[in-house]
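Engineer: Contents of query22.cif (mmCIF, C-alpha atoms) are given next:
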```
data_query
#
loop_
_atom_site.label_atom_id
_atom_site.label_comp_id
_atom_site.auth_asym_id
_atom_site.auth_seq_id
_atom_site.Cartn_x
_atom_site.Cartn_y
_atom_site.Cartn_z
CA MET A 1 121.84 -124.46 -220.96
CA LEU A 2 119.58 -122.78 -223.50
CA ASP A 3 120.28 -119.19 -224.47
CA ALA A 4 118.43 -116.56 -226.50
CA ASP A 5 120.06 -117.86 -229.67
CA PHE A 6 118.55 -121.31 -229.08
CA PHE A 7 115.08 -119.79 -228.85
CA ARG A 8 115.67 -117.68 -231.97
CA ARG A 9 116.70 -120.84 -233.83
CA TRP A 10 113.55 -122.59 -232.56
CA LEU A 11 111.25 -119.89 -233.87
CA THR A 12 113.17 -119.49 -237.13
CA ALA A 13 112.89 -123.26 -237.67
CA ALA A 14 109.18 -123.04 -236.83
CA ALA A 15 108.72 -120.27 -239.41
CA ALA A 16 110.49 -122.38 -242.03
CA ALA A 17 108.33 -125.41 -241.18
CA VAL A 18 105.16 -123.35 -241.40
CA ASP A 19 106.31 -122.02 -244.79
CA ARG A 20 107.05 -125.52 -246.01
CA GLU A 21 103.76 -126.97 -244.73
CA ALA A 22 101.46 -123.99 -245.29
CA GLU A 23 99.55 -125.62 -248.13
CA ARG A 24 99.06 -128.80 -246.16
CA LEU A 25 97.83 -126.88 -243.11
CA THR A 26 95.36 -124.93 -245.19
CA ALA A 27 94.22 -128.13 -246.93
CA LEU A 28 93.59 -129.76 -243.53
CA ASP A 29 91.67 -126.64 -242.53
CA SER A 30 89.43 -126.79 -245.61
CA PRO A 31 87.01 -129.62 -244.73
CA ILE A 32 86.60 -128.71 -241.04
CA GLY A 33 87.70 -125.08 -240.79
CA ASP A 34 87.83 -121.94 -242.88
CA ALA A 35 90.87 -122.83 -245.00
CA ASP A 36 93.21 -120.16 -243.69
CA HIS A 37 95.37 -121.90 -241.09
CA GLY A 38 98.50 -122.18 -243.25
CA SER A 39 98.42 -118.65 -244.59
CA ASN A 40 97.56 -117.20 -241.18
CA LEU A 41 100.50 -118.90 -239.50
CA GLN A 42 102.82 -118.00 -242.38
CA ARG A 43 101.99 -114.34 -241.87
CA GLY A 44 102.38 -114.65 -238.10
CA PHE A 45 105.71 -116.46 -238.06
CA ALA A 46 107.14 -114.21 -240.77
CA ALA A 47 106.33 -111.30 -238.47
CA VAL A 48 107.98 -113.15 -235.57
CA VAL A 49 111.21 -113.67 -237.51
CA ALA A 50 111.25 -110.05 -238.69
CA ALA A 51 110.68 -108.73 -235.16
CA LEU A 52 113.40 -110.97 -233.70
CA GLU A 53 115.88 -109.74 -236.31
CA LYS A 54 114.96 -106.13 -235.74
CA GLU A 55 114.77 -106.03 -231.95
CA GLU A 56 117.31 -108.71 -231.04
CA PRO A 57 115.80 -109.57 -227.64
CA PRO A 58 118.70 -110.64 -225.40
CA THR A 59 117.17 -113.37 -223.22
CA PRO A 60 115.07 -116.53 -223.74
CA GLY A 61 112.11 -114.95 -221.94
CA ALA A 62 112.34 -111.80 -224.04
CA VAL A 63 112.51 -113.78 -227.30
CA LEU A 64 109.37 -115.75 -226.49
CA THR A 65 107.43 -112.78 -225.14
CA LEU A 66 108.16 -110.73 -228.26
CA ALA A 67 107.27 -113.66 -230.52
CA GLY A 68 104.00 -114.25 -228.68
CA ARG A 69 103.04 -110.62 -229.00
CA GLN A 70 103.70 -110.72 -232.75
CA LEU A 71 101.50 -113.79 -233.19
CA ILE A 72 98.63 -112.20 -231.28
CA SER A 73 98.84 -109.07 -233.45
CA THR A 74 99.37 -110.54 -236.88
CA VAL A 75 97.77 -113.97 -237.35
CA GLY A 76 94.12 -112.91 -237.68
CA GLY A 77 92.65 -116.30 -236.74
CA ALA A 78 92.12 -118.12 -233.44
CA SER A 79 95.58 -119.69 -233.67
CA GLY A 80 97.14 -116.21 -233.20
CA PRO A 81 95.96 -115.55 -229.66
CA LEU A 82 96.40 -119.25 -228.81
CA TYR A 83 100.01 -119.66 -230.02
CA GLY A 84 100.72 -116.09 -228.93
CA THR A 85 99.56 -116.92 -225.43
CA LEU A 86 101.57 -120.16 -225.46
CA LEU A 87 104.83 -118.35 -226.27
CA ARG A 88 104.17 -115.26 -224.17
CA ARG A 89 103.24 -117.21 -221.03
CA THR A 90 106.16 -119.55 -221.53
CA GLY A 91 108.42 -116.52 -221.90
CA LYS A 92 106.99 -114.83 -218.82
CA ALA A 93 107.49 -118.03 -216.84
CA LEU A 94 111.17 -118.05 -217.88
CA GLY A 95 111.47 -114.42 -216.81
CA ASN A 96 112.93 -111.51 -218.70
CA ASP A 97 116.35 -111.47 -217.07
CA ALA A 98 117.83 -114.96 -217.22
CA ALA A 99 120.38 -115.12 -220.06
CA GLU A 100 120.23 -118.93 -220.04
CA VAL A 101 117.68 -121.46 -218.85
CA THR A 102 117.86 -125.19 -218.22
CA GLY A 103 115.87 -127.78 -220.11
CA GLU A 104 113.92 -128.40 -216.93
CA GLN A 105 113.05 -124.71 -216.62
CA LEU A 106 111.87 -124.73 -220.21
CA ARG A 107 109.71 -127.77 -219.55
CA ASP A 108 108.08 -126.14 -216.52
CA ALA A 109 107.59 -122.89 -218.41
CA LEU A 110 106.05 -124.68 -221.38
CA ARG A 111 103.69 -126.47 -219.03
CA THR A 112 102.56 -123.06 -217.76
CA GLY A 113 102.16 -121.89 -221.37
CA VAL A 114 100.07 -124.91 -222.34
CA GLU A 115 97.90 -124.43 -219.26
CA ALA A 116 97.30 -120.82 -220.36
CA VAL A 117 96.27 -122.05 -223.82
CA ARG A 118 93.83 -124.46 -222.24
CA THR A 119 92.36 -121.70 -220.10
CA LEU A 120 92.08 -119.26 -223.00
CA GLY A 121 90.47 -121.67 -225.44
CA GLY A 122 88.68 -123.83 -222.90
CA ALA A 123 89.91 -126.98 -224.63
CA ALA A 124 90.76 -130.23 -222.86
CA PRO A 125 92.72 -133.15 -224.28
CA GLY A 126 90.48 -135.11 -226.64
CA ASP A 127 88.65 -132.04 -227.97
CA LYS A 128 90.54 -132.26 -231.28
CA THR A 129 92.67 -129.13 -230.90
CA MET A 130 96.32 -128.12 -230.61
CA VAL A 131 96.09 -129.19 -226.96
CA ASP A 132 96.11 -132.82 -228.15
CA ALA A 133 99.64 -132.31 -229.49
CA LEU A 134 100.93 -129.88 -226.86
CA VAL A 135 100.02 -131.80 -223.71
CA PRO A 136 101.77 -135.08 -224.66
CA ALA A 137 104.73 -133.06 -225.97
CA VAL A 138 105.27 -131.33 -222.64
CA ASP A 139 104.83 -134.63 -220.82
CA ALA A 140 107.53 -136.25 -222.99
CA LEU A 141 109.91 -133.30 -222.78
CA GLY A 142 111.40 -134.73 -219.57
CA GLU A 143 112.75 -137.56 -221.70
CA SER A 144 114.16 -135.60 -224.64
CA PHE A 145 113.34 -133.01 -227.28
CA ALA A 146 113.04 -135.79 -229.85
CA ALA A 147 110.58 -137.68 -227.63
CA ALA A 148 108.51 -134.51 -227.30
CA ALA A 149 108.43 -134.08 -231.08
CA ALA A 150 107.37 -137.71 -231.54
CA ALA A 151 104.67 -137.40 -228.87
CA ALA A 152 103.30 -134.22 -230.49
CA GLU A 153 103.21 -135.88 -233.90
CA ARG A 154 101.45 -138.93 -232.47
CA GLY A 155 98.96 -136.68 -230.66
CA ALA A 156 98.27 -134.80 -233.89
CA GLU A 157 97.77 -138.05 -235.80
CA GLU A 158 95.33 -139.29 -233.20
CA THR A 159 93.10 -136.24 -233.63
CA THR A 160 91.88 -137.82 -236.89
CA GLY A 161 89.61 -140.17 -234.97
CA LEU A 162 88.30 -137.52 -232.60
CA GLN A 163 85.12 -135.46 -232.78
CA ALA A 164 85.77 -131.73 -232.56
CA ARG A 165 84.41 -130.04 -229.47
CA LYS A 166 85.95 -126.58 -229.88
CA GLY A 167 85.99 -123.94 -232.58
CA ARG A 168 84.29 -123.89 -235.92
CA ALA A 169 84.90 -127.61 -236.51
CA SER A 170 82.67 -128.43 -233.53
CA TYR A 171 79.62 -127.31 -235.53
CA LEU A 172 80.23 -130.29 -237.81
CA GLY A 173 79.63 -132.76 -234.98
CA GLU A 174 80.35 -136.33 -236.04
CA ARG A 175 81.31 -135.19 -239.53
CA SER A 176 84.52 -133.78 -238.04
CA ILE A 177 85.67 -137.36 -237.36
CA GLY A 178 88.13 -138.66 -239.96
CA HIS A 179 89.87 -135.33 -240.47
CA ARG A 180 93.21 -134.57 -238.87
CA ASP A 181 93.10 -131.35 -236.85
CA PRO A 182 95.09 -128.51 -238.44
CA GLY A 183 95.87 -126.87 -235.08
CA ALA A 184 97.29 -130.08 -233.62
CA THR A 185 99.27 -130.50 -236.85
CA SER A 186 100.83 -127.04 -236.63
CA ALA A 187 101.49 -127.57 -232.92
CA ALA A 188 103.44 -130.72 -233.83
CA LEU A 189 105.46 -128.64 -236.32
CA LEU A 190 106.27 -126.17 -233.56
CA VAL A 191 107.52 -128.95 -231.28
CA ALA A 192 109.46 -130.57 -234.13
CA ALA A 193 111.16 -127.20 -234.71
CA LEU A 194 112.13 -127.17 -231.03
CA ALA A 195 113.78 -130.57 -231.43
CA GLU A 196 115.45 -129.31 -234.61
CA ALA A 197 116.90 -126.31 -232.73
CA ALA A 198 118.13 -128.64 -230.00
CA GLY A 199 119.70 -130.99 -232.56
CA ALA A 200 121.44 -128.16 -234.35
CA ARG A 201 122.80 -127.06 -231.02
CA ALA A 202 124.16 -130.52 -230.22
CA GLU A 203 125.86 -130.69 -233.62
CA ALA A 204 127.36 -127.25 -233.19
CA ALA A 205 128.69 -128.30 -229.79
CA ASP A 206 130.34 -131.36 -231.34
CA VAL A 207 132.37 -129.34 -233.80
CA MET B 1 73.85 -74.26 -211.77
CA SER B 2 76.34 -76.47 -213.51
CA GLU B 3 75.61 -80.10 -213.85
CA GLU B 4 78.76 -82.12 -214.20
CA ARG B 5 78.74 -83.90 -217.50
CA GLN B 6 79.21 -87.60 -216.98
CA GLU B 7 81.49 -89.34 -219.42
CA GLN B 8 79.97 -92.25 -221.27
CA VAL B 9 81.07 -95.82 -221.50
CA GLY B 10 82.65 -96.63 -224.85
CA ILE B 11 81.47 -99.64 -226.85
CA VAL B 12 83.63 -101.71 -229.20
CA LEU B 13 82.05 -104.22 -231.57
CA VAL B 14 84.39 -106.94 -232.83
CA SER B 15 83.25 -109.20 -235.65
CA HIS B 16 85.01 -111.42 -238.18
CA SER B 17 83.39 -109.21 -240.80
CA ALA B 18 83.96 -105.46 -241.15
CA ALA B 19 80.49 -105.11 -242.66
CA VAL B 20 78.84 -106.93 -239.76
CA ALA B 21 80.67 -104.88 -237.12
CA ALA B 22 79.85 -101.59 -238.85
CA SER B 23 76.21 -102.55 -239.46
CA VAL B 24 75.61 -103.68 -235.89
CA ALA B 25 77.15 -100.42 -234.68
CA GLU B 26 74.78 -98.50 -236.95
CA LEU B 27 71.82 -100.60 -235.82
CA ALA B 28 72.56 -100.18 -232.13
CA GLN B 29 73.07 -96.44 -232.44
CA GLY B 30 69.90 -96.16 -234.51
CA LEU B 31 67.86 -98.04 -231.92
CA ALA B 32 69.28 -95.89 -229.12
CA GLY B 33 67.25 -93.18 -230.83
CA GLY B 34 67.02 -89.90 -228.97
CA GLY B 35 69.43 -90.78 -226.19
CA ALA B 36 72.78 -89.10 -225.82
CA PRO B 37 75.21 -90.19 -228.53
CA VAL B 38 77.53 -92.95 -227.35
CA PRO B 39 81.09 -93.52 -228.52
CA VAL B 40 80.84 -96.75 -230.52
CA ALA B 41 83.61 -98.18 -232.69
CA ALA B 42 83.53 -101.16 -235.00
CA ALA B 43 86.55 -103.43 -235.30
CA GLY B 44 85.64 -105.87 -238.01
CA GLY B 45 87.72 -108.21 -240.13
CA THR B 46 91.45 -108.24 -240.66
CA ALA B 47 93.58 -105.19 -241.42
CA ASP B 48 93.62 -106.10 -245.12
CA GLY B 49 89.84 -106.33 -245.34
CA GLY B 50 89.46 -110.11 -245.06
CA LEU B 51 87.41 -112.15 -242.61
CA GLY B 52 89.08 -112.60 -239.23
CA THR B 53 90.21 -110.55 -236.26
CA SER B 54 92.82 -107.82 -236.11
CA ALA B 55 94.37 -107.10 -232.74
CA GLU B 56 95.46 -103.72 -234.10
CA LEU B 57 91.94 -102.74 -235.16
CA VAL B 58 90.59 -103.85 -231.78
CA SER B 59 93.21 -101.83 -229.86
CA ALA B 60 92.65 -98.76 -232.04
CA ALA B 61 88.86 -99.02 -231.69
CA ALA B 62 89.09 -99.32 -227.90
CA ALA B 63 91.41 -96.31 -227.68
CA SER B 64 89.08 -94.28 -229.89
CA VAL B 65 86.02 -94.74 -227.64
CA ASP B 66 87.76 -94.44 -224.29
CA ARG B 67 86.39 -91.38 -222.48
CA GLY B 68 87.59 -92.50 -219.07
CA ALA B 69 84.38 -94.28 -218.06
CA GLY B 70 85.46 -97.68 -219.27
CA VAL B 71 85.11 -99.63 -222.49
CA ALA B 72 82.77 -102.56 -223.09
CA VAL B 73 83.87 -104.94 -225.85
CA LEU B 74 81.36 -107.24 -227.53
CA THR B 75 82.50 -109.93 -229.95
CA ASP B 76 81.03 -112.49 -232.28
CA LEU B 77 82.96 -115.77 -231.92
CA GLY B 78 86.18 -117.74 -232.15
CA SER B 79 89.22 -115.60 -232.84
CA ALA B 80 87.31 -112.42 -231.96
CA VAL B 81 86.78 -113.69 -228.41
CA LEU B 82 90.28 -115.14 -228.09
CA THR B 83 91.99 -112.04 -229.46
CA VAL B 84 90.24 -109.73 -227.00
CA LYS B 85 91.01 -112.11 -224.12
CA ALA B 86 94.66 -112.30 -225.15
CA LEU B 87 94.87 -108.50 -225.42
CA LEU B 88 93.30 -108.11 -221.97
CA ALA B 89 95.85 -110.57 -220.56
CA GLU B 90 98.62 -108.57 -222.22
CA GLY B 91 97.91 -105.74 -219.79
CA ASP B 92 98.86 -102.66 -221.79
CA GLU B 93 97.17 -103.16 -225.16
CA LEU B 94 93.71 -101.88 -224.19
CA PRO B 95 92.52 -98.91 -222.10
CA GLY B 96 92.70 -99.61 -218.36
CA ASN B 97 89.02 -100.18 -217.69
CA THR B 98 88.17 -102.43 -220.63
CA ARG B 99 85.96 -105.48 -220.28
CA LEU B 100 85.03 -108.29 -222.61
CA VAL B 101 81.28 -108.58 -222.18
CA ASP B 102 79.79 -112.07 -222.37
CA ALA B 103 76.73 -111.27 -224.49
CA PRO B 104 75.02 -112.10 -227.78
CA PHE B 105 76.52 -109.84 -230.43
CA VAL B 106 73.55 -108.03 -231.96
CA GLU B 107 71.11 -108.01 -229.05
CA GLY B 108 73.91 -107.32 -226.59
CA ALA B 109 75.20 -104.41 -228.67
CA VAL B 110 71.77 -102.79 -228.75
CA ALA B 111 71.34 -103.24 -224.98
CA ALA B 112 74.85 -101.92 -224.32
CA VAL B 113 74.49 -98.82 -226.48
CA VAL B 114 71.04 -97.96 -225.15
CA THR B 115 72.24 -98.36 -221.56
CA ALA B 116 75.38 -96.31 -222.16
CA SER B 117 73.27 -93.67 -223.89
CA ALA B 118 71.06 -93.46 -220.81
CA GLY B 119 74.15 -92.75 -218.71
CA GLY B 120 74.71 -96.24 -217.35
CA ASP B 121 78.18 -97.00 -216.00
CA LEU B 122 80.35 -99.88 -217.20
CA ALA B 123 78.79 -102.39 -214.78
CA ALA B 124 75.28 -101.39 -215.91
CA VAL B 125 76.25 -101.63 -219.58
CA GLU B 126 77.77 -105.05 -219.01
CA ALA B 127 74.73 -106.28 -217.07
CA ALA B 128 72.31 -105.06 -219.74
CA ALA B 129 74.28 -106.71 -222.53
CA LYS B 130 74.53 -110.01 -220.64
CA GLU B 131 70.82 -109.89 -219.92
CA ALA B 132 70.20 -110.00 -223.66
CA TYR B 133 70.91 -113.74 -223.48
CA ALA B 134 67.60 -114.08 -221.62
CA TYR B 135 65.57 -112.61 -224.46
CA ARG B 136 63.77 -115.62 -225.94
CA LYS B 137 62.20 -115.77 -229.38
CA GLU B 138 59.72 -118.59 -228.90
#
```
Show me the file's structure as structure tokens.
Structural biologist:
Amino acid sequence: MLDADFFRRWLTAAAAAVDREAERLTALDSPIGDADHGSNLQRGFAAVVAALEKEEPPTPGAVLTLAGRQLISTVGGASGPLYGTLLRRTGKALGNDAAEVTGEQLRDALRTGVEAVRTLGGAAPGDKTMVDALVPAVDALGESFAAAAAAAERGAEETTGLQARKGRASYLGERSIGHRDPGATSAALLVAALAEAAGARAEAADV
Amino acid sequence: MSEERQEQVGIVLVSHSAAVAASVAELAQGLAGGGAPVPVAAAGGTADGGLGTSAELVSAAAASVDRGAGVAVLTDLGSAVLTVKALLAEGDELPGNTRLVDAPFVEGAVAAVVTASAGGDLAAVEAAAKEAYAYRKE
């Protein structure tokens, strides 16, 4: 079972990953975007961690809903409402009351969250967006957290060959091909952080 | 004889740039000319003055123009659109009768402000702003 602490660890690990990779994310965003993806997400996830420490939401749903709200308010770029919607809808799907959720419940809730992202941004798989990492990740989550992380990373890698059909990068047309998508890259970081939180939990359980 | 004063629709203009949002607000109000003044608020850029979208500025702008007759929000692109949509989905971040209007930013803002100034309700303001897409320049 996954409790509020698991979800706090996930988002704290995500914030650390975003910190670590901020320069890379911004560099990826330079040729095909407006070179602010790393710094935007750094600001957003720092706000998430601060809010979680301050408010100490008691359930998985409450953790994700609060985190999503923070991202919507603080990121300042398109990734804010998109990741914010992902976490908030996932949290709402888990419900505010359950103190623990199963891996299967998380998978179903994440599927709902990813659907909400697709509706909000209008992106389909293959459009060279975060959806290209998120959809395969959710599909692989039935197998394991590690499989989901690997699928997200593979999806992000494969955006390099795609032509952007959403967002600012789409104005570049064919010139967007050959550049790895920053949103898919940060989405893969988010899923890797989920696997990290799950791994840390397994280790803790072994002790 | 007392004519009941009808409250006007509020207009919020959301752009990645504070200067663009403020200038379009000024332009639209200027072109509304002699009509009744309309509550218009600009929500441009990020809170620290950079290019982007601030959910806080959007929420504050919407609250500031809400007179009870609804609020029409016009945006430029990308994160401006997504932020407003996400706030609307949130449920309690924007005044009850707030709508994201699917319209070109400058032309739609002028149409919206003129229509609101003439006493149009939220549906009329939205329709006028959307209609601005049909205004060809060839």
Engineer: Can you tell me which residues surround segment 35-44 of chain B at a distance of at most 10 Å, considering only C-alpha atoms, apart from same-chain residues fewer than 4 positions away, and format the answer as an MDAnalysis selection string?
Structural biologist: chainID B and resid 7:26 28:31 49:67 71:76 80 109 112:119
Engineer: Pull the closest atom pair for each residue of chain A that gets at most 7 Å from chain B, along with the distance in Å to one decimal, counting only C-alpha atoms, ordering rows by chain and then ascending residue number, as a Markdown table.
Structural biologist:
```
| residue | atom | partner | partner_atom | distance |
| --- | --- | --- | --- | --- |
| A:Ile72 | CA | B:Ala55 | CA | 6.8 |
| A:Ser73 | CA | B:Ala55 | CA | 4.9 |
| A:Gly76 | CA | B:Thr53 | CA | 4.8 |
| A:Gly77 | CA | B:Ser79 | CA | 5.2 |
| A:Ala78 | CA | B:Ser79 | CA | 3.9 |
| A:Pro81 | CA | B:Thr83 | CA | 5.3 |
| A:Thr85 | CA | B:Ala86 | CA | 6.7 |
| A:Leu120 | CA | B:Leu82 | CA | 6.8 |
| A:Gly167 | CA | B:Gly78 | CA | 6.2 |
```
Engineer: Would you pick out the contacts of Leu190 of chain A at 9 Å or less, using all atoms listed in the file, so that residues sharing its chain but fewer than 3 positions from it are not included, and give the list as a list in words?
Structural biologist: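 These residues fall inside the cut-off: Trp10, Leu11, Ala13, Ala14, Ala15, Ala17, Val18, Ala149, Thr185, Ser186, Ala187, Ala193, Leu194 and Ala195 of chain A.
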Engineer: State, in Å with one decimal place, the distance from atom CA of Glu131 of chain B to atom CA of Ala169 of chain A.
Structural biologist: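 We find that atom CA of Glu131 of chain B and atom CA of Ala169 of chain A lie 28.1 Å from each other.
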Engineer: Need to verify the contact set: Glu23 of chain A, 10 Å, all atoms listed in the file, exclusion of same-chain residues closer than 2 positions in sequence. Can you return it as a list of chain:residue names?
Structural biologist: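 That gives A:Val18, A:Asp19, A:Arg20, A:Glu21, A:Leu25, A:Thr26, A:Ala27, A:Leu28, A:Asp29, A:Ala35, A:Asp36, A:His37, A:Gly38, A:Ser39.
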Engineer: Once the PyMOL selection byres ((chain A and resi 6) around 10) has been applied to the shown file, what residues remain in the selection, as a PDB file with C-alpha atoms, in the frame of the given file?
Structural biologist:
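Written file, part-v6.pdb:
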```pdb
ATOM      1  CA  MET A   1     121.840-124.460-220.960  1.00  0.00           C
ATOM      2  CA  LEU A   2     119.580-122.780-223.500  1.00  0.00           C
ATOM      3  CA  ASP A   3     120.280-119.190-224.470  1.00  0.00           C
ATOM      4  CA  ALA A   4     118.430-116.560-226.500  1.00  0.00           C
ATOM      5  CA  ASP A   5     120.060-117.860-229.670  1.00  0.00           C
ATOM      6  CA  PHE A   7     115.080-119.790-228.850  1.00  0.00           C
ATOM      7  CA  ARG A   8     115.670-117.680-231.970  1.00  0.00           C
ATOM      8  CA  ARG A   9     116.700-120.840-233.830  1.00  0.00           C
ATOM      9  CA  TRP A  10     113.550-122.590-232.560  1.00  0.00           C
ATOM     10  CA  LEU A  11     111.250-119.890-233.870  1.00  0.00           C
ATOM     11  CA  THR A  12     113.170-119.490-237.130  1.00  0.00           C
ATOM     12  CA  THR A  59     117.170-113.370-223.220  1.00  0.00           C
ATOM     13  CA  PRO A  60     115.070-116.530-223.740  1.00  0.00           C
ATOM     14  CA  VAL A  63     112.510-113.780-227.300  1.00  0.00           C
ATOM     15  CA  GLU A 100     120.230-118.930-220.040  1.00  0.00           C
ATOM     16  CA  LEU A 194     112.130-127.170-231.030  1.00  0.00           C
ATOM     17  CA  ALA A 197     116.900-126.310-232.730  1.00  0.00           C
ATOM     18  CA  ALA A 198     118.130-128.640-230.000  1.00  0.00           C
ATOM     19  CA  ALA A 200     121.440-128.160-234.350  1.00  0.00           C
ATOM     20  CA  ARG A 201     122.800-127.060-231.020  1.00  0.00           C
TER      21      ARG A 201
END
```
Engineer: Have a look at atom CA of Leu41 of chain A and atom CA of Ala140 of chain A and let me know their distance in Å, one decimal.
Structural biologist: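 Between atom CA of Leu41 of chain A and atom CA of Ala140 of chain A the gap works out to 25.0 Å.
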Engineer: Quick check, in Å to one decimal: how far apart do atom CA of Pro58 of chain A and atom CA of Leu110 of chain A lie?
Structural biologist: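 If I compute the distance from atom CA of Pro58 of chain A to atom CA of Leu110 of chain A, I get 19.3 Å.
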Engineer: My list of candidates is B:Ala69, B:Ala111, B:Val101, B:Val106. Which is closest to Glu126 of chain B when distances are computed with all atoms listed in the file?
Structural biologist: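 Counting all atoms listed in the file, the residue closest to Glu126 of chain B is B:Val101.
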Engineer: Which neighbours of Ser176 of chain A fall inside 8 Å, counting all atoms listed in the file, when residues of the same chain fewer than 5 positions from it are skipped, and could you give them as number ranges by chain?
Structural biologist: A: 32, 162-164, 169-170
Engineer: Of the candidates A:Leu189, A:Ala124, A:Ala62, A:Leu134, which shows the shortest atom-to-atom distance to Ala98 of chain A, using all atoms listed in the file?
Structural biologist: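 Closest to Ala98 of chain A, using all atoms listed in the file: A:Ala62.
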Engineer: Skipping near chain neighbours, those fewer than 5 positions away, what residues fall within 8 Å of Gly68 of chain A using all atoms listed in the file, listed as a list in words?
Structural biologist: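 In the requested form, the answer reads Tyr83, Gly84, Thr85, Leu86, Leu87 and Arg88 of chain A.
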Engineer: Rank B:Asp92, B:Glu138, B:Val110, B:Phe105 by their smallest atom-to-atom distance to Ala32 of chain B, using all atoms listed in the file, and report the top residue only.
Structural biologist: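 Ranking B:Asp92, B:Glu138, B:Val110, B:Phe105 by distance to Ala32 of chain B, first place goes to B:Val110.
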Engineer: Run the PyMOL selection byres ((chain B and resi 103) around 7) against the file shown and list the residues it catches, as a PDB file with C-alpha atoms, in the frame of the given file.
Structural biologist:
```
ATOM      1  CA  LEU B  74      81.360-107.240-227.530  1.00  0.00           C
ATOM      2  CA  VAL B 101      81.280-108.580-222.180  1.00  0.00           C
ATOM      3  CA  ASP B 102      79.790-112.070-222.370  1.00  0.00           C
ATOM      4  CA  PRO B 104      75.020-112.100-227.780  1.00  0.00           C
ATOM      5  CA  PHE B 105      76.520-109.840-230.430  1.00  0.00           C
ATOM      6  CA  GLY B 108      73.910-107.320-226.590  1.00  0.00           C
ATOM      7  CA  ALA B 129      74.280-106.710-222.530  1.00  0.00           C
ATOM      8  CA  LYS B 130      74.530-110.010-220.640  1.00  0.00           C
ATOM      9  CA  ALA B 132      70.200-110.000-223.660  1.00  0.00           C
ATOM     10  CA  TYR B 133      70.910-113.740-223.480  1.00  0.00           C
TER      11      TYR B 133
END
```
Engineer: From the set A:Thr65, A:Gly91, A:Asn40, A:Val131, which residue has the shortest atom-to-atom contact distance to Leu52 of chain A, counting only C-alpha atoms?
Structural biologist: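 Between A:Thr65, A:Gly91, A:Asn40, A:Val131, the residue approaching Leu52 of chain A most closely is A:Thr65.
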Engineer: Compare A:Leu64, A:Leu82, A:Ala16, A:Ala152 by their minimum atom-to-atom distance to Arg118 of chain A, counting only C-alpha atoms, and give me the closest one.
Structural biologist: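 The shortest atom-to-atom distance to Arg118 of chain A comes from A:Leu82.
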Engineer: From the options A:Ala184, A:Val75, A:Ala22, A:Ala46, which residue's atoms come nearest to Asp48 of chain B, counting all atoms listed in the file?
Structural biologist: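 Looking at the shortest contact to Asp48 of chain B, the residue is A:Val75.
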Engineer: Name the residues that the PyMOL selection byres ((chain A and resi 142) around 12) pulls out of this structure, and write them as an mmCIF file with C-alpha atoms, in the coordinates of the input.
Structural biologist:
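Contents of out04.cif, freshly written:
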```cif
data_model
loop_
_atom_site.group_PDB
_atom_site.id
_atom_site.type_symbol
_atom_site.label_atom_id
_atom_site.label_comp_id
_atom_site.auth_asym_id
_atom_site.auth_seq_id
_atom_site.Cartn_x
_atom_site.Cartn_y
_atom_site.Cartn_z
ATOM 1 C CA THR A 102 117.860 -125.190 -218.220
ATOM 2 C CA GLY A 103 115.870 -127.780 -220.110
ATOM 3 C CA GLU A 104 113.920 -128.400 -216.930
ATOM 4 C CA GLN A 105 113.050 -124.710 -216.620
ATOM 5 C CA LEU A 106 111.870 -124.730 -220.210
ATOM 6 C CA ARG A 107 109.710 -127.770 -219.550
ATOM 7 C CA ASP A 108 108.080 -126.140 -216.520
ATOM 8 C CA LEU A 110 106.050 -124.680 -221.380
ATOM 9 C CA ARG A 111 103.690 -126.470 -219.030
ATOM 10 C CA PRO A 136 101.770 -135.080 -224.660
ATOM 11 C CA ALA A 137 104.730 -133.060 -225.970
ATOM 12 C CA VAL A 138 105.270 -131.330 -222.640
ATOM 13 C CA ASP A 139 104.830 -134.630 -220.820
ATOM 14 C CA ALA A 140 107.530 -136.250 -222.990
ATOM 15 C CA LEU A 141 109.910 -133.300 -222.780
ATOM 16 C CA GLU A 143 112.750 -137.560 -221.700
ATOM 17 C CA SER A 144 114.160 -135.600 -224.640
ATOM 18 C CA PHE A 145 113.340 -133.010 -227.280
ATOM 19 C CA ALA A 146 113.040 -135.790 -229.850
ATOM 20 C CA ALA A 147 110.580 -137.680 -227.630
ATOM 21 C CA ALA A 148 108.510 -134.510 -227.300
ATOM 22 C CA ALA A 149 108.430 -134.080 -231.080
ATOM 23 C CA ALA A 151 104.670 -137.400 -228.870
#
```
Engineer: Save N, CA and C atoms of segment 30-35 of chain B from the block above as a PDB file, in the first residue's frame.
Structural biologist:
```pdb
ATOM      1  N   GLY B  30     -10.081  52.536 -25.517  1.00  0.00           N
ATOM      2  CA  GLY B  30     -10.050  53.731 -26.350  1.00  0.00           C
ATOM      3  C   GLY B  30     -11.022  53.628 -27.511  1.00  0.00           C
ATOM      4  N   LEU B  31     -11.070  52.446 -28.141  1.00  0.00           N
ATOM      5  CA  LEU B  31     -11.938  52.263 -29.298  1.00  0.00           C
ATOM      6  C   LEU B  31     -13.399  52.128 -28.901  1.00  0.00           C
ATOM      7  N   ALA B  32     -13.655  51.828 -27.628  1.00  0.00           N
ATOM      8  CA  ALA B  32     -15.045  51.781 -27.160  1.00  0.00           C
ATOM      9  C   ALA B  32     -15.604  53.198 -27.084  1.00  0.00           C
ATOM     10  N   GLY B  33     -14.707  54.166 -27.093  1.00  0.00           N
ATOM     11  CA  GLY B  33     -15.076  55.575 -27.213  1.00  0.00           C
ATOM     12  C   GLY B  33     -16.068  56.022 -26.175  1.00  0.00           C
ATOM     13  N   GLY B  34     -17.207  56.548 -26.637  1.00  0.00           N
ATOM     14  CA  GLY B  34     -18.157  57.203 -25.740  1.00  0.00           C
ATOM     15  C   GLY B  34     -19.057  56.261 -24.976  1.00  0.00           C
ATOM     16  N   GLY B  35     -18.909  54.965 -25.172  1.00  0.00           N
ATOM     17  CA  GLY B  35     -19.780  54.036 -24.455  1.00  0.00           C
ATOM     18  C   GLY B  35     -19.523  54.076 -22.960  1.00  0.00           C
TER      19      GLY B  35
END
```
